[in-house]
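**Student:** Can you keep this structure in mind? I'll have questions shortly.
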Amino acid sequence: MSNDTVYIDRFLEMMAAEGGASQNTLSAYRSDLEQASSFAKGKLADSDRGALQDVASAWSDLKNNSVSRKSSSLRRFFGFLVEEGFRQDDPSDALPRPGGQRSLPKVLSHDEIARLFETIETRMASQQVKPNDARLSAFIELLYGSGLRASELVSLPRKSVMVDRPFLIIRGKGGKERLVPISDRARSAVKRWSDFVDTDEKYLFPSRTGHISRIRLFQIIKDLAVKSDISPAKISPHVLRHAFATHLLEGGADLRALQTLLGHSDISTTQIYTHVDSARLVELVNNRHPLSRRNLTR
């Protein structure tokens, strides 16, 4: 089995769990990716921009809508590889974009985030806190409060969060480490959950076979969305990570700082995962640009 086969299977597994993709949609993705892998001689996941341009050259006789679909399949695939830490850069900007611009990622509003936390706080208000509620609180605090990837969250060691240490040391793919700040309330949520975890457990979020799976995490997050009157199609662990970055950027955070927090080696990847609405950009130019303080003269 080639590396591409493994990565494609994992990607489709995540597409089914995160977006509830239909069997027809998954089949279309598989067809596009396996065809591209064939053109790349089984090394699609390792392709650079030049190799992807070579793959795209095989689409020269196809109609624009077919090229657009294939490009979209590959861009989502490479976005997945970067998000899960299987590679550090995203070369998919080399692919053609016929008939339209790249779509913006999903984003949650401040109100929707508030509703998620209100649901959790209501469940945590009882005198006898249930283990699953404490775990859910820790999940959301770490996903939205620290911007962890789903794969990083589920595999956190039990002792990774210290009461007296305001950061996590996250070890990504390839052994690359980064510091991730963790808020007081997130540490408190983790402490509350860890009281339910046996001291001899290796992982903070254990399961019978190791640690909780990413698919189970997706299911838990979507169930929370339903209980918070939010469409489950709008939310996933990655959407919460994206909300973390977006809301920090809206609050004035520097893009380079976000790059460090998110663990991106390439600033262009950070720009993909951070979205600021056009109204704020217009306001930023009107209020912050030096010329905005000068009167117009003819």
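Just remember, in the structure tokens the first chain shown is A, the second B, etc., residues are 1-based per chain, and ligands are 1-based in the order shown.
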Write out as a PyMOL selection string the residues lying within 12 Å of region 195-206 of chain A, counting only C-alpha atoms and excluding same-chain residues fewer than 4 positions away.
**Tutor:** chain A and resi 129-136+138-139+150-162+188-191+210-214+216-217
**Student:** Generate a file of the selected residues that holds N, CA and C atoms, formatted as an mmCIF file, in the first residue's frame.
**Tutor:**
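Result written to selection.cif:
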data_model
loop_
_atom_site.group_PDB
_atom_site.id
_atom_site.type_symbol
_atom_site.label_atom_id
_atom_site.label_comp_id
_atom_site.auth_asym_id
_atom_site.auth_seq_id
_atom_site.Cartn_x
_atom_site.Cartn_y
_atom_site.Cartn_z
ATOM 1 N N VAL A 129 -21.065 17.297 38.760
ATOM 2 C CA VAL A 129 -20.648 17.415 37.357
ATOM 3 C C VAL A 129 -20.402 16.026 36.780
ATOM 4 N N LYS A 130 -20.986 15.774 35.610
ATOM 5 C CA LYS A 130 -20.809 14.489 34.949
ATOM 6 C C LYS A 130 -19.485 14.459 34.190
ATOM 7 N N PRO A 131 -18.828 13.289 34.131
ATOM 8 C CA PRO A 131 -17.535 13.196 33.433
ATOM 9 C C PRO A 131 -17.589 13.679 31.984
ATOM 10 N N ASN A 132 -18.629 13.288 31.245
ATOM 11 C CA ASN A 132 -18.716 13.681 29.838
ATOM 12 C C ASN A 132 -18.846 15.191 29.677
ATOM 13 N N ASP A 133 -19.512 15.855 30.617
ATOM 14 C CA ASP A 133 -19.632 17.310 30.548
ATOM 15 C C ASP A 133 -18.303 17.975 30.843
ATOM 16 N N ALA A 134 -17.564 17.445 31.815
ATOM 17 C CA ALA A 134 -16.238 17.991 32.129
ATOM 18 C C ALA A 134 -15.287 17.802 30.953
ATOM 19 N N ARG A 135 -15.391 16.656 30.294
ATOM 20 C CA ARG A 135 -14.549 16.398 29.121
ATOM 21 C C ARG A 135 -14.900 17.345 27.988
ATOM 22 N N LEU A 136 -16.204 17.556 27.766
ATOM 23 C CA LEU A 136 -16.650 18.471 26.711
ATOM 24 C C LEU A 136 -16.136 19.880 26.964
ATOM 25 N N ALA A 138 -13.432 20.742 28.558
ATOM 26 C CA ALA A 138 -11.996 20.760 28.259
ATOM 27 C C ALA A 138 -11.749 20.773 26.755
ATOM 28 N N PHE A 139 -12.532 19.996 26.004
ATOM 29 C CA PHE A 139 -12.401 19.977 24.542
ATOM 30 C C PHE A 139 -12.542 21.386 23.960
ATOM 31 N N ALA A 150 -7.217 18.874 15.812
ATOM 32 C CA ALA A 150 -7.930 17.725 16.371
ATOM 33 C C ALA A 150 -6.960 16.613 16.754
ATOM 34 N N SER A 151 -5.991 16.349 15.875
ATOM 35 C CA SER A 151 -5.034 15.273 16.135
ATOM 36 C C SER A 151 -4.160 15.585 17.352
ATOM 37 N N GLU A 152 -3.842 16.872 17.555
ATOM 38 C CA GLU A 152 -3.047 17.266 18.715
ATOM 39 C C GLU A 152 -3.855 17.149 19.992
ATOM 40 N N LEU A 153 -5.119 17.519 19.916
ATOM 41 C CA LEU A 153 -5.965 17.487 21.104
ATOM 42 C C LEU A 153 -6.179 16.065 21.604
ATOM 43 N N VAL A 154 -6.594 15.168 20.707
ATOM 44 C CA VAL A 154 -6.952 13.816 21.164
ATOM 45 C C VAL A 154 -5.737 13.058 21.699
ATOM 46 N N SER A 155 -4.542 13.423 21.257
ATOM 47 C CA SER A 155 -3.343 12.678 21.668
ATOM 48 C C SER A 155 -2.545 13.376 22.772
ATOM 49 N N LEU A 156 -3.125 14.385 23.417
ATOM 50 C CA LEU A 156 -2.418 15.066 24.499
ATOM 51 C C LEU A 156 -2.094 14.090 25.632
ATOM 52 N N PRO A 157 -0.854 14.076 26.100
ATOM 53 C CA PRO A 157 -0.526 13.258 27.268
ATOM 54 C C PRO A 157 -1.282 13.761 28.500
ATOM 55 N N ARG A 158 -1.556 12.896 29.438
ATOM 56 C CA ARG A 158 -2.320 13.273 30.620
ATOM 57 C C ARG A 158 -1.637 14.398 31.399
ATOM 58 N N LYS A 159 -0.332 14.411 31.429
ATOM 59 C CA LYS A 159 0.390 15.406 32.224
ATOM 60 C C LYS A 159 0.829 16.620 31.403
ATOM 61 N N SER A 160 0.236 16.811 30.239
ATOM 62 C CA SER A 160 0.670 17.912 29.372
ATOM 63 C C SER A 160 0.226 19.281 29.867
ATOM 64 N N VAL A 161 -0.854 19.334 30.651
ATOM 65 C CA VAL A 161 -1.360 20.595 31.187
ATOM 66 C C VAL A 161 -1.032 20.658 32.672
ATOM 67 N N MET A 162 -0.178 21.624 33.028
ATOM 68 C CA MET A 162 0.223 21.809 34.421
ATOM 69 C C MET A 162 -0.490 23.030 34.999
ATOM 70 N N SER A 188 -8.220 25.341 34.204
ATOM 71 C CA SER A 188 -9.210 24.939 35.198
ATOM 72 C C SER A 188 -10.122 23.844 34.642
ATOM 73 N N ALA A 189 -10.533 23.997 33.370
ATOM 74 C CA ALA A 189 -11.400 22.993 32.743
ATOM 75 C C ALA A 189 -10.681 21.657 32.625
ATOM 76 N N VAL A 190 -9.409 21.702 32.240
ATOM 77 C CA VAL A 190 -8.634 20.467 32.110
ATOM 78 C C VAL A 190 -8.438 19.808 33.467
ATOM 79 N N LYS A 191 -8.173 20.622 34.494
ATOM 80 C CA LYS A 191 -7.998 20.076 35.844
ATOM 81 C C LYS A 191 -9.281 19.379 36.301
ATOM 82 N N GLY A 210 -6.564 3.347 23.608
ATOM 83 C CA GLY A 210 -5.501 4.361 23.562
ATOM 84 C C GLY A 210 -6.067 5.713 23.924
ATOM 85 N N HIS A 211 -6.201 6.586 22.917
ATOM 86 C CA HIS A 211 -6.864 7.874 23.157
ATOM 87 C C HIS A 211 -8.114 7.971 22.298
ATOM 88 N N ILE A 212 -8.990 8.889 22.637
ATOM 89 C CA ILE A 212 -10.224 9.080 21.896
ATOM 90 C C ILE A 212 -9.896 9.368 20.430
ATOM 91 N N SER A 213 -10.715 8.895 19.528
ATOM 92 C CA SER A 213 -10.446 9.078 18.099
ATOM 93 C C SER A 213 -10.925 10.443 17.628
ATOM 94 N N ARG A 214 -10.373 10.894 16.510
ATOM 95 C CA ARG A 214 -10.812 12.173 15.929
ATOM 96 C C ARG A 214 -12.262 12.086 15.473
ATOM 97 N N ARG A 216 -14.675 10.338 16.860
ATOM 98 C CA ARG A 216 -15.518 10.503 18.054
ATOM 99 C C ARG A 216 -15.541 11.967 18.495
ATOM 100 N N LEU A 217 -14.415 12.647 18.395
ATOM 101 C CA LEU A 217 -14.365 14.074 18.728
ATOM 102 C C LEU A 217 -15.308 14.862 17.822
#
**Student:** Identify, with DSSP run on backbone atoms, the residues in region 24-179 of chain A assigned to helix (DSSP H, G or I), and express the list as a PyMOL selection string.
**Tutor:** chain A and resi 24-39+44-46+49-57+64-83+91-94+110-124+131-146+150-154+173-175
**Student:** Under the rule of at most 9 Å, produce a per-residue listing of region 85-187 of chain A near region 28-47 of chain A: chain, number, name, the closest pair of atoms, and the distance in Å, as CSV, using only C-alpha atoms.
**Tutor:**
residue,atom,partner,partner_atom,distance
A:Phe86,CA,A:Ala45,CA,8.7
A:Arg87,CA,A:Asp46,CA,8.0
A:Pro91,CA,A:Ser47,CA,7.7
**Student:** For the selection just defined, write its residues with N, CA, C and O atoms to a file, as a PDB file, in the first residue's frame.
**Tutor:**
ATOM      1  N   PHE A  86       0.805  16.337   8.365  1.00  0.00           N
ATOM      2  CA  PHE A  86       1.508  15.363   7.531  1.00  0.00           C
ATOM      3  C   PHE A  86       2.511  16.045   6.595  1.00  0.00           C
ATOM      4  O   PHE A  86       3.403  15.394   6.066  1.00  0.00           O
ATOM      5  N   ARG A  87       2.328  17.340   6.356  1.00  0.00           N
ATOM      6  CA  ARG A  87       3.331  18.126   5.652  1.00  0.00           C
ATOM      7  C   ARG A  87       3.202  19.564   6.134  1.00  0.00           C
ATOM      8  O   ARG A  87       2.170  19.962   6.683  1.00  0.00           O
ATOM      9  N   PRO A  91       1.127  23.277  -1.405  1.00  0.00           N
ATOM     10  CA  PRO A  91       1.496  23.702  -2.756  1.00  0.00           C
ATOM     11  C   PRO A  91       0.313  23.844  -3.701  1.00  0.00           C
ATOM     12  O   PRO A  91       0.488  24.102  -4.893  1.00  0.00           O
TER      13      PRO A  91
END
**Student:** Near Leu142 (chain A), counting only C-alpha atoms, which residues have an atom at most 8 Å away, once you skip same-chain residues fewer than 6 positions from it, shown as a PyMOL selection string?
**Tutor:** chain A and resi 148+153+182+186
**Student:** Between A:Arg256, A:Lys222, A:Arg165, A:Arg75, single out the one closest to Pro237 (chain A), counting only C-alpha atoms.
**Tutor:**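 Looking only at the distances to Pro237 (chain A), the closest residue turns out to be A:Lys222.
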**Student:** Quick check for you: according to DSSP on this backbone, which residues of region 174-203 of chain A are classed as strand (DSSP E or B)? Reply as a ChimeraX atom specification.
**Tutor:** /A:177-181,203
**Student:** Which residue out of A:Gln88, A:Gln128, A:Ser109, A:Gln219 has the minimum interatomic distance to His242 (chain A) when only C-alpha atoms are used?
**Tutor:**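 Closest candidate: A:Ser109.
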**Student:** Find the residues around Arg69 (chain A) up to 12 Å (only C-alpha atoms counted), leave out those fewer than 5 positions away in its own chain, and share them as number ranges by chain.
**Tutor:** A: 25, 28-29, 31-33, 56, 59, 62-64, 74-76, 95-100, 102
**Student:** Hey, which of A:Gly85, A:Val6, A:Glu118, A:Lys234 ends up closest to Lys176 (chain A)? Count only C-alpha atoms.
**Tutor:**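 Closest to Lys176 (chain A) of all the choices is A:Gly85.
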**Student:** Could you jot down the CA of Glu121 (chain A) to CA of Lys227 (chain A) separation for me, Å, one decimal place?
**Tutor:** 12.4 Å
**Student:** Near Val180 (chain A), counting only C-alpha atoms, which residues have an atom at most 9 Å away, once you skip same-chain residues fewer than 5 positions from it, shown as a list in words?
**Tutor:**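 Listed by chain and then number, they are Ser146, Gly147, Leu148, Pro166, Phe167, Leu168, Ile169, Ile170, Thr260, Leu261, Leu262 and Gly263 of chain A.
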**Student:** Just how far from CA of Asp4 (chain A) is CA of Val82 (chain A), in Å to one decimal?
**Tutor:**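 Separating CA of Val82 (chain A) from CA of Asp4 (chain A) is a distance of 14.5 Å.
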**Student:** In Å, with one decimal, what is the gap from CA of Ser137 (chain A) to CA of Arg115 (chain A)?
**Tutor:**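 So the answer is 13.1 Å.
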